[in-house]
Amino acid sequence: MYQVIKNYRDNEELRRSFNELAGATFGLNFEDWYQNGFWSDNYNPYSIVIDGKVVSNVSVNKTDMLIDGEVKHFLQLGTVMTDEAYRNRGLSRRIMEEIDKDYAGKVDGIYLFGNDNVVEFYPRFGFAKGEEYLYSKNVSLSGESQVEQVVADNPKAWQQLTDVMNRSIFRGKMDMLYNNELIMFYVSKFMQENVYYHKASDTYVIAEIEGDSLLIHNVFSSTVTELEDVIALFGQDIKEVTLGFTPLNVEGYTIENYHEEDCNFFVKGAVFDMMEREKLRIPSLSHA
């Protein structure tokens, strides 16, 4: 039986091999994330290594969530990949068994996002398909935009954002805790031009603007607690707002079932029953 190798983040040879497989599978490379200091103990690849080469992997990402004032311990599984030459040998199953051995009964819930090709695989390990929800509404705002776009492509910008993240008092109904590194995976790699800042209130907003539509992924503020105050900062040109998280106050929002093409949400744990009843969404920047 193959051995599962884990906790090898600082092993340069294995990390290089992991990145090579991630590149071939997803077009991803985690090396800059590592070199910039964002790869923490929260992200742990479980890999099968043959002759010094990572040939199969499932990564564990700790994503604790604050829900209605209570911390729930979650794991997200991601970067699921197997070298083409080693597929159909049960390697992913062996890794999933190792993860289950390490974490069974130790977390409140485990979740992952998988494509349509794996809809029959994860139920074998106790996973069920979950529901995601989208919150949106039309708005009528006044005044000019008060936020400035920040190009977050350098360590100084990342540190300034992280500082505000660490002292943020803004909360959604379900917020990820203790894992700024996952959010910075998005910001430092793919969303460098999606960062907005309001200096007077010390508020950062990770958002996308397309025409008169505003998609807010997350808010970090040391002074602002109300989402409506954040939305107002974007001014009169915005007519529609969509959220990548669940707001504390859902009044006035349209709630729809959300499903990305070729992407399925799999869950395991009783906590997801509560999440479905309350129509809670895993924050969009908490996907790994």
# chains A, B, ... in the order shown; residues from 1 in each chain; ligands from 1
$ select_by_dssp --residues "region 8-228 of chain A" --states "strand (DSSP E or B)" --output "ChimeraX atom specification"
/A:43-50,53-62,65-67,70-72,74-82,109-114,128-129,132-138,148-150,174-176,195-198,203-210,213-221
$ residues_around --residues "Thr63 (chain A)" --least-positions-apart "4" --cutoff "8 Å" --atoms "only C-alpha atoms" --output "PyMOL selection string"
chain A and resi 42+73-76+176-179+286
$ write_last_selection --atoms "N, CA, C and O atoms" --output "mmCIF file, in the first residue's frame"
data_model
loop_
_atom_site.group_PDB
_atom_site.id
_atom_site.type_symbol
_atom_site.label_atom_id
_atom_site.label_comp_id
_atom_site.auth_asym_id
_atom_site.auth_seq_id
_atom_site.Cartn_x
_atom_site.Cartn_y
_atom_site.Cartn_z
ATOM 1 N N ASN A 42 -2.339 26.019 7.990
ATOM 2 C CA ASN A 42 -3.744 25.788 7.663
ATOM 3 C C ASN A 42 -3.910 24.971 6.379
ATOM 4 O O ASN A 42 -4.932 24.307 6.196
ATOM 5 N N HIS A 73 -15.541 24.401 13.660
ATOM 6 C CA HIS A 73 -14.302 23.959 13.038
ATOM 7 C C HIS A 73 -14.598 23.184 11.751
ATOM 8 O O HIS A 73 -15.248 22.134 11.777
ATOM 9 N N PHE A 74 -14.110 23.734 10.641
ATOM 10 C CA PHE A 74 -14.347 23.138 9.334
ATOM 11 C C PHE A 74 -13.027 22.733 8.684
ATOM 12 O O PHE A 74 -11.971 23.315 8.962
ATOM 13 N N LEU A 75 -13.131 21.757 7.802
ATOM 14 C CA LEU A 75 -12.059 21.435 6.869
ATOM 15 C C LEU A 75 -12.603 21.574 5.458
ATOM 16 O O LEU A 75 -13.736 21.163 5.185
ATOM 17 N N GLN A 76 -11.811 22.130 4.595
ATOM 18 C CA GLN A 76 -12.140 22.128 3.177
ATOM 19 C C GLN A 76 -11.108 21.284 2.446
ATOM 20 O O GLN A 76 -9.904 21.441 2.668
ATOM 21 N N MET A 176 -15.177 33.367 7.953
ATOM 22 C CA MET A 176 -13.997 32.537 8.183
ATOM 23 C C MET A 176 -13.057 33.241 9.159
ATOM 24 O O MET A 176 -12.829 34.453 9.069
ATOM 25 N N LEU A 177 -12.483 32.474 10.081
ATOM 26 C CA LEU A 177 -11.559 32.994 11.083
ATOM 27 C C LEU A 177 -10.184 32.345 10.927
ATOM 28 O O LEU A 177 -10.072 31.206 10.465
ATOM 29 N N TYR A 178 -9.147 33.081 11.343
ATOM 30 C CA TYR A 178 -7.793 32.528 11.506
ATOM 31 C C TYR A 178 -7.192 31.993 10.206
ATOM 32 O O TYR A 178 -6.290 31.150 10.243
ATOM 33 N N ASN A 179 -7.675 32.465 9.055
ATOM 34 C CA ASN A 179 -7.115 31.977 7.803
ATOM 35 C C ASN A 179 -7.057 33.112 6.778
ATOM 36 O O ASN A 179 -7.618 33.008 5.681
ATOM 37 N N SER A 286 -13.462 31.806 0.662
ATOM 38 C CA SER A 286 -13.067 30.667 1.496
ATOM 39 C C SER A 286 -13.058 29.384 0.681
ATOM 40 O O SER A 286 -12.990 28.293 1.252
#
$ closest_atom_pairs --of "region 69-149 of chain A" --to "region 247-259 of chain A" --cutoff "6 Å" --atoms "only C-alpha atoms" --output "JSON lines"
{"residue": "A:Glu132", "atom": "CA", "partner": "A:Tyr258", "partner_atom": "CA", "distance": 5.2}
{"residue": "A:Tyr133", "atom": "CA", "partner": "A:Asn257", "partner_atom": "CA", "distance": 4.6}
{"residue": "A:Leu134", "atom": "CA", "partner": "A:Glu256", "partner_atom": "CA", "distance": 5.2}
{"residue": "A:Tyr135", "atom": "CA", "partner": "A:Ile255", "partner_atom": "CA", "distance": 4.9}
{"residue": "A:Ser136", "atom": "CA", "partner": "A:Thr254", "partner_atom": "CA", "distance": 5.3}
{"residue": "A:Lys137", "atom": "CA", "partner": "A:Tyr253", "partner_atom": "CA", "distance": 5.1}
$ write_last_selection --atoms "N, CA and C atoms" --output "PDB file, in the first residue's frame"
ATOM      1  N   GLU A 132     -25.973  25.879  -2.026  1.00  0.00           N
ATOM      2  CA  GLU A 132     -25.387  27.203  -1.835  1.00  0.00           C
ATOM      3  C   GLU A 132     -26.429  28.258  -2.176  1.00  0.00           C
ATOM      4  N   TYR A 133     -26.255  29.434  -1.602  1.00  0.00           N
ATOM      5  CA  TYR A 133     -27.238  30.494  -1.782  1.00  0.00           C
ATOM      6  C   TYR A 133     -26.559  31.794  -2.188  1.00  0.00           C
ATOM      7  N   LEU A 134     -27.309  32.606  -2.921  1.00  0.00           N
ATOM      8  CA  LEU A 134     -26.804  33.880  -3.419  1.00  0.00           C
ATOM      9  C   LEU A 134     -27.729  34.987  -2.943  1.00  0.00           C
ATOM     10  N   TYR A 135     -27.137  36.029  -2.370  1.00  0.00           N
ATOM     11  CA  TYR A 135     -27.886  37.172  -1.872  1.00  0.00           C
ATOM     12  C   TYR A 135     -27.623  38.375  -2.771  1.00  0.00           C
ATOM     13  N   SER A 136     -28.698  39.021  -3.229  1.00  0.00           N
ATOM     14  CA  SER A 136     -28.542  40.179  -4.111  1.00  0.00           C
ATOM     15  C   SER A 136     -29.719  41.132  -3.929  1.00  0.00           C
ATOM     16  N   LYS A 137     -29.535  42.365  -4.366  1.00  0.00           N
ATOM     17  CA  LYS A 137     -30.639  43.329  -4.341  1.00  0.00           C
ATOM     18  C   LYS A 137     -30.301  44.523  -5.225  1.00  0.00           C
TER      19      LYS A 137
END
$ residues_around --residues "region 189-197 of chain A" --least-positions-apart "2" --cutoff "10 Å" --atoms "only C-alpha atoms" --output "count of residues only"
40
$ closest_residue --among "A:Tyr8, A:Phe18, A:Phe113, A:Tyr103" --to "Lys62 (chain A)" --atoms "only C-alpha atoms"
A:Tyr103
$ closest_residue --among "A:Asp212, A:Asp273, A:Asp51, A:Glu12" --to "Ser140 (chain A)" --atoms "only C-alpha atoms"
A:Asp212
$ atom_distance --atom1 "CA of Val271 (chain A)" --atom2 "CA of Lys72 (chain A)"
8.4 Å
$ residues_around --residues "Pro155 (chain A)" --least-positions-apart "6" --cutoff "10 Å" --atoms "only C-alpha atoms" --output "list of chain:residue names"
A:Asn36, A:Gly37, A:Leu161, A:Ser188
$ residues_around --residues "Tyr122 (chain A)" --least-positions-apart "2" --cutoff "10 Å" --atoms "only C-alpha atoms" --output "JSON list (two decimals) with all heavy atoms, in the first residue's frame"
[["chain", "number", "residue", "atom", "x", "y", "z"],
["A", 93, "ARG", "N", -8.61, 7.45, -3.20],
["A", 93, "ARG", "CA", -9.32, 6.76, -2.12],
["A", 93, "ARG", "C", -8.39, 6.55, -0.92],
["A", 93, "ARG", "O", -8.80, 6.77, 0.23],
["A", 93, "ARG", "CB", -9.84, 5.41, -2.62],
["A", 93, "ARG", "CG", -10.42, 4.52, -1.52],
["A", 93, "ARG", "CD", -10.89, 3.19, -2.06],
["A", 93, "ARG", "NE", -12.09, 3.37, -2.85],
["A", 93, "ARG", "CZ", -13.32, 3.44, -2.34],
["A", 93, "ARG", "NH1", -13.48, 3.34, -1.03],
["A", 93, "ARG", "NH2", -14.36, 3.58, -3.11],
["A", 96, "MET", "N", -8.07, 9.85, 0.88],
["A", 96, "MET", "CA", -9.31, 10.19, 1.60],
["A", 96, "MET", "C", -9.43, 9.38, 2.88],
["A", 96, "MET", "O", -9.88, 9.89, 3.92],
["A", 96, "MET", "CB", -10.51, 9.96, 0.69],
["A", 96, "MET", "CG", -10.60, 10.92, -0.50],
["A", 96, "MET", "SD", -10.97, 12.62, -0.04],
["A", 96, "MET", "CE", -12.68, 12.46, 0.46],
["A", 112, "LEU", "N", -16.20, 20.39, 0.25],
["A", 112, "LEU", "CA", -15.33, 20.52, -0.92],
["A", 112, "LEU", "C", -16.19, 20.89, -2.12],
["A", 112, "LEU", "O", -17.42, 20.79, -2.10],
["A", 112, "LEU", "CB", -14.56, 19.22, -1.19],
["A", 112, "LEU", "CG", -15.39, 17.97, -1.45],
["A", 112, "LEU", "CD1", -15.63, 17.76, -2.95],
["A", 112, "LEU", "CD2", -14.72, 16.74, -0.86],
["A", 114, "GLY", "N", -16.41, 19.98, -6.18],
["A", 114, "GLY", "CA", -15.93, 19.04, -7.18],
["A", 114, "GLY", "C", -16.68, 19.18, -8.48],
["A", 114, "GLY", "O", -17.85, 19.61, -8.50],
["A", 118, "VAL", "N", -17.08, 13.82, -10.60],
["A", 118, "VAL", "CA", -16.84, 13.14, -9.32],
["A", 118, "VAL", "C", -18.10, 13.04, -8.46],
["A", 118, "VAL", "O", -18.01, 12.77, -7.27],
["A", 118, "VAL", "CB", -15.72, 13.85, -8.53],
["A", 118, "VAL", "CG1", -14.40, 13.76, -9.27],
["A", 118, "VAL", "CG2", -16.08, 15.31, -8.25],
["A", 119, "VAL", "N", -19.27, 13.24, -9.08],
["A", 119, "VAL", "CA", -20.50, 13.25, -8.27],
["A", 119, "VAL", "C", -20.79, 11.90, -7.61],
["A", 119, "VAL", "O", -21.51, 11.85, -6.62],
["A", 119, "VAL", "CB", -21.72, 13.68, -9.12],
["A", 119, "VAL", "CG1", -21.59, 15.14, -9.52],
["A", 119, "VAL", "CG2", -21.87, 12.80, -10.35],
["A", 120, "GLU", "N", -20.21, 10.83, -8.12],
["A", 120, "GLU", "CA", -20.43, 9.52, -7.52],
["A", 120, "GLU", "C", -19.28, 9.09, -6.60],
["A", 120, "GLU", "O", -19.40, 8.12, -5.87],
["A", 120, "GLU", "CB", -20.62, 8.47, -8.61],
["A", 120, "GLU", "CG", -21.87, 8.70, -9.47],
["A", 120, "GLU", "CD", -22.05, 7.63, -10.53],
["A", 120, "GLU", "OE1", -21.19, 6.72, -10.62],
["A", 120, "GLU", "OE2", -23.05, 7.71, -11.27],
["A", 124, "ARG", "N", -19.18, 8.06, -1.48],
["A", 124, "ARG", "CA", -18.61, 6.84, -0.92],
["A", 124, "ARG", "C", -17.92, 7.10, 0.41],
["A", 124, "ARG", "O", -17.68, 6.17, 1.20],
["A", 124, "ARG", "CB", -17.61, 6.22, -1.90],
["A", 124, "ARG", "CG", -18.20, 5.86, -3.26],
["A", 124, "ARG", "CD", -17.11, 5.45, -4.22],
["A", 124, "ARG", "NE", -17.60, 5.30, -5.59],
["A", 124, "ARG", "CZ", -16.82, 5.14, -6.65],
["A", 124, "ARG", "NH1", -15.49, 5.09, -6.49],
["A", 124, "ARG", "NH2", -17.35, 5.03, -7.84],
["A", 125, "PHE", "N", -17.58, 8.36, 0.68],
["A", 125, "PHE", "CA", -16.90, 8.73, 1.92],
["A", 125, "PHE", "C", -17.81, 9.51, 2.85],
["A", 125, "PHE", "O", -17.35, 10.23, 3.73],
["A", 125, "PHE", "CB", -15.65, 9.54, 1.59],
["A", 125, "PHE", "CG", -14.64, 8.79, 0.76],
["A", 125, "PHE", "CD1", -14.66, 8.90, -0.62],
["A", 125, "PHE", "CD2", -13.72, 7.95, 1.35],
["A", 125, "PHE", "CE1", -13.76, 8.19, -1.39],
["A", 125, "PHE", "CE2", -12.82, 7.23, 0.58],
["A", 125, "PHE", "CZ", -12.84, 7.35, -0.80],
["A", 126, "GLY", "N", -19.12, 9.36, 2.64],
["A", 126, "GLY", "CA", -20.09, 9.99, 3.54],
["A", 126, "GLY", "C", -20.49, 11.40, 3.18],
["A", 126, "GLY", "O", -21.21, 12.05, 3.95],
["A", 127, "PHE", "N", -20.07, 11.89, 2.02],
["A", 127, "PHE", "CA", -20.43, 13.25, 1.61],
["A", 127, "PHE", "C", -21.79, 13.24, 0.90],
["A", 127, "PHE", "O", -22.15, 12.27, 0.22],
["A", 127, "PHE", "CB", -19.38, 13.83, 0.66],
["A", 127, "PHE", "CG", -18.10, 14.23, 1.33],
["A", 127, "PHE", "CD1", -17.08, 13.30, 1.51],
["A", 127, "PHE", "CD2", -17.91, 15.52, 1.79],
["A", 127, "PHE", "CE1", -15.89, 13.66, 2.13],
["A", 127, "PHE", "CE2", -16.73, 15.89, 2.41],
["A", 127, "PHE", "CZ", -15.71, 14.96, 2.58],
["A", 128, "ALA", "N", -22.51, 14.33, 1.06],
["A", 128, "ALA", "CA", -23.77, 14.54, 0.35],
["A", 128, "ALA", "C", -23.69, 15.88, -0.38],
["A", 128, "ALA", "O", -22.90, 16.76, -0.01],
["A", 128, "ALA", "CB", -24.95, 14.55, 1.33],
["A", 129, "LYS", "N", -24.49, 16.04, -1.40],
["A", 129, "LYS", "CA", -24.51, 17.31, -2.11],
["A", 129, "LYS", "C", -25.21, 18.36, -1.26],
["A", 129, "LYS", "O", -26.29, 18.12, -0.72],
["A", 129, "LYS", "CB", -25.20, 17.17, -3.47],
["A", 129, "LYS", "CG", -24.40, 16.34, -4.47],
["A", 129, "LYS", "CD", -24.96, 16.45, -5.88],
["A", 129, "LYS", "CE", -24.74, 17.83, -6.47],
["A", 129, "LYS", "NZ", -25.13, 17.88, -7.90],
["A", 266, "PHE", "N", -20.06, 19.57, -1.95],
["A", 266, "PHE", "CA", -20.22, 18.34, -1.17],
["A", 266, "PHE", "C", -19.95, 18.63, 0.30],
["A", 266, "PHE", "O", -19.00, 19.35, 0.64],
["A", 266, "PHE", "CB", -19.26, 17.26, -1.66],
["A", 266, "PHE", "CG", -19.59, 16.72, -3.02],
["A", 266, "PHE", "CD1", -18.96, 17.22, -4.15],
["A", 266, "PHE", "CD2", -20.53, 15.71, -3.17],
["A", 266, "PHE", "CE1", -19.27, 16.72, -5.41],
["A", 266, "PHE", "CE2", -20.83, 15.21, -4.42],
["A", 266, "PHE", "CZ", -20.21, 15.71, -5.55],
["A", 267, "VAL", "N", -20.76, 18.06, 1.19],
["A", 267, "VAL", "CA", -20.65, 18.36, 2.61],
["A", 267, "VAL", "C", -20.75, 17.08, 3.43],
["A", 267, "VAL", "O", -21.37, 16.09, 3.01],
["A", 267, "VAL", "CB", -21.76, 19.34, 3.05],
["A", 267, "VAL", "CG1", -21.66, 20.64, 2.28],
["A", 267, "VAL", "CG2", -23.15, 18.73, 2.87],
["A", 268, "LYS", "N", -20.14, 17.13, 4.60],
["A", 268, "LYS", "CA", -20.24, 16.02, 5.56],
["A", 268, "LYS", "C", -20.23, 16.61, 6.96],
["A", 268, "LYS", "O", -19.31, 17.32, 7.35],
["A", 268, "LYS", "CB", -19.09, 15.03, 5.38],
["A", 268, "LYS", "CG", -19.19, 13.82, 6.32],
["A", 268, "LYS", "CD", -18.31, 12.66, 5.89],
["A", 268, "LYS", "CE", -16.84, 12.95, 5.99],
["A", 268, "LYS", "NZ", -16.01, 11.72, 5.76]]
$ residues_around --residues "Asp10 (chain A)" --least-positions-apart "2" --cutoff "12 Å" --atoms "only C-alpha atoms" --output "PyMOL selection string"
chain A and resi 6-8+12-16+18+31+34-35+37+39-41+44-45
$ residues_around --residues "Thr79 (chain A)" --least-positions-apart "6" --cutoff "10 Å" --atoms "only C-alpha atoms" --output "PyMOL selection string"
chain A and resi 18+21-22+25-26+28+45-46+56-61+112-114+288
$ write_last_selection --atoms "N, CA and C atoms" --output "compact mmCIF listing (two decimals), in the first residue's frame"
# COMPACT_ATOMS: atom_id res chain seq x y z
N PHE A 18 4.86 18.95 -6.18
CA PHE A 18 3.46 19.29 -5.96
C PHE A 18 3.02 20.39 -6.92
N LEU A 21 2.56 19.12 -10.49
CA LEU A 21 1.30 18.41 -10.70
C LEU A 21 0.13 19.39 -10.70
N ALA A 22 0.17 20.39 -9.82
CA ALA A 22 -0.90 21.39 -9.79
C ALA A 22 -0.93 22.20 -11.09
N THR A 25 -2.41 19.99 -13.83
CA THR A 25 -3.82 19.67 -13.61
C THR A 25 -4.72 20.90 -13.68
N PHE A 26 -4.30 21.98 -13.00
CA PHE A 26 -5.17 23.15 -12.87
C PHE A 26 -4.57 24.44 -13.45
N LEU A 28 -2.13 25.88 -11.92
CA LEU A 28 -1.83 26.62 -10.69
C LEU A 28 -0.40 26.37 -10.24
N PRO A 45 -1.13 19.68 2.13
CA PRO A 45 -1.33 18.65 1.12
C PRO A 45 -1.10 17.25 1.69
N TYR A 46 -2.00 16.35 1.39
CA TYR A 46 -1.84 14.93 1.65
C TYR A 46 -1.51 14.30 0.30
N SER A 56 -0.28 11.96 -6.61
CA SER A 56 -1.69 12.12 -6.28
C SER A 56 -1.79 12.98 -5.02
N ASN A 57 -2.87 13.76 -4.92
CA ASN A 57 -2.96 14.70 -3.80
C ASN A 57 -4.41 15.07 -3.49
N VAL A 58 -4.67 15.25 -2.21
CA VAL A 58 -5.87 15.94 -1.72
C VAL A 58 -5.39 16.85 -0.60
N SER A 59 -5.63 18.14 -0.71
CA SER A 59 -5.16 19.08 0.30
C SER A 59 -6.25 19.35 1.33
N VAL A 60 -5.82 19.50 2.58
CA VAL A 60 -6.70 19.84 3.69
C VAL A 60 -6.48 21.31 4.04
N ASN A 61 -7.56 22.07 4.08
CA ASN A 61 -7.47 23.48 4.43
C ASN A 61 -8.39 23.75 5.62
N LEU A 112 -16.20 20.39 0.25
CA LEU A 112 -15.33 20.52 -0.92
C LEU A 112 -16.19 20.89 -2.12
N PHE A 113 -15.51 21.33 -3.18
CA PHE A 113 -16.16 21.66 -4.43
C PHE A 113 -15.56 20.76 -5.51
N GLY A 114 -16.41 19.98 -6.18
CA GLY A 114 -15.93 19.04 -7.18
C GLY A 114 -16.68 19.18 -8.48
N ALA A 288 -11.19 26.79 -1.68
CA ALA A 288 -9.79 26.43 -1.97
C ALA A 288 -9.73 25.45 -3.13
$ select_by_dssp --residues "region 95-233 of chain A" --states "helix (DSSP H, G or I)" --output "VMD selection string"
chain A and resid 95 to 103 116 to 118 122 to 125 155 to 166 180 to 189 199 to 201 227 to 232
$ closest_residue --among "A:Met275, A:Val49, A:Glu226, A:Gln3" --to "Glu98 (chain A)" --atoms "only C-alpha atoms"
A:Gln3
